[in-house]
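> First, the structure itself, so that you have it in front of you.
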Amino acid sequence: MSTQTTSRTSRSLRLAAVIAVPVMLFSSACGGGGEKEIRDEGVASAGDAPAGSGSGSGSGTAGSGGKAGKSAFYDAQLKYTQCMRKEGMSDWPDPKLSGYADWPRIEKIQEDASKQDGQKKYQAAAKNCAEPMRKTMELEPKVDKQKVYESMLAHAQCMRSHGVSKFANPKMNSAGNVEGGGDPNPVSPEIDQDSPSYKRARTACEGKLIDAAAGQQ
């Protein structure tokens, strides 16, 4: 990912923080445009190709805005998925058509790994797949930060309307980057993310987050 990092205060990213790879690596999969930006026919899944091979052209540059660049980003994410599965994370999800990660499913995998004492396997897989994740960071398309902010704001408002009253709004900092909302005090959490009410709100509101914003609050 480029320098457009955001505050990582969600459950998923606090879990990711314990792994050997920097948290930033796991956020690159969730920033950028929406699923409508790529509608390639016959897009491959990670099971359709051997690890290390992509489904598309493999060309293009981050921020190009063109289809080739975004197809290359999808291919890079696909290779990362293949790597994670090869390293024992067999249920790691395919990327979305936009090329960004399926964060609701990844959060569930991270949560299960924490509860089932599977962190060592998860950590090892993340460490061994750092290079393909780095490639996705290089190919990530440029995102509209205002749209990211608006999406995260709508999500925060939705969470509060569904009973999570302390869910904080995101902020746009002085550098023009979005800082995620969520728990107002992630060091000493004030929101119980294991509560049934929180999980219901999370499910109800996850559609408010565009691909660029998923996993960031």
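Residues in the structure tokens are named by chain (A, B, ... in the order shown) and by number from 1 within that chain; ligands are numbered from 1 in the order shown.
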Give me the residues within 10 Å of Lys208 (chain A) as a VMD selection string, counting only C-alpha atoms and dropping any in the same chain fewer than 3 places off.
chain A and resid 150 to 159 204 to 205 211 213 to 214
> May I have the residues from that selection written out with C-alpha atoms, as a CSV table (one decimal), in the first residue's frame?

chain,number,residue,atom,x,y,z
A,150,GLU,CA,-17.8,8.9,3.6
A,151,SER,CA,-18.1,5.1,3.5
A,152,MET,CA,-16.6,4.8,7.0
A,153,LEU,CA,-18.7,7.6,8.3
A,154,ALA,CA,-21.9,5.9,7.0
A,155,HIS,CA,-20.7,2.7,8.6
A,156,ALA,CA,-20.1,4.4,12.0
A,157,GLN,CA,-23.5,6.0,11.9
A,158,CYS,CA,-25.1,2.7,11.1
A,159,MET,CA,-23.3,1.0,14.0
A,204,ALA,CA,-26.2,-5.2,9.4
A,205,CYS,CA,-23.7,-2.4,8.6
A,211,ASP,CA,-13.9,-2.3,-0.6
A,213,ALA,CA,-12.6,0.9,3.6
A,214,ALA,CA,-13.3,-2.7,4.6
> Could you pull the residues within 6 Å of Phe73 (chain A), counting only C-alpha atoms, minus those fewer than 4 positions along the same chain, as a short mmCIF file (atom, residue, chain, number, x, y, z; two decimals) with C-alpha atoms, in the first residue's frame?

data_model
loop_
_atom_site.label_atom_id
_atom_site.label_comp_id
_atom_site.auth_asym_id
_atom_site.auth_seq_id
_atom_site.Cartn_x
_atom_site.Cartn_y
_atom_site.Cartn_z
CA GLY A 99 -8.99 -7.20 -6.31
CA THR A 136 -0.23 -6.41 -3.88
CA LEU A 139 -0.16 -2.79 -7.49
CA GLU A 140 -2.96 -1.35 -5.36
#
> Calculate how many Å separate CA of Asn128 (chain A) from CA of Asp112 (chain A), rounding to one decimal.
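Spanning CA of Asn128 (chain A) to CA of Asp112 (chain A) is a straight-line distance of 20.1 Å.
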> Run DSSP on the backbone and grab whatever in region 126-194 of chain A lands in strand (DSSP E or B); send it over as a PyMOL selection string.
chain A and resi 168+171-172+178-179+182
> Out of A:Lys115, A:Pro93, A:Gly207, A:Ser161, which residue has the shortest atom-to-atom distance to Asp194 (chain A) when counting only C-alpha atoms?
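Closest candidate: A:Lys115.
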> One decimal, in Å: what's the spacing between CA of Phe167 (chain A) and CA of Ile210 (chain A)?
18.2 Å
> Please, what distance in Å, to one decimal, runs between CA of Gly180 (chain A) and CA of Ala72 (chain A)?
27.4 Å
> Would you pick out the contacts of Trp92 (chain A) at 10 Å or less, using only C-alpha atoms, so that residues sharing its chain but fewer than 3 positions from it are not included, and give the list as a list of chain:residue names?
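Everything that qualifies: A:Ala46, A:Tyr80, A:Thr81, A:Gln82, A:Cys83, A:Met84, A:Arg85, A:Lys86, A:Gly88, A:Met89, A:Pro95, A:Ala101, A:Asp102, A:Arg105, A:Ile106, A:Ile109.
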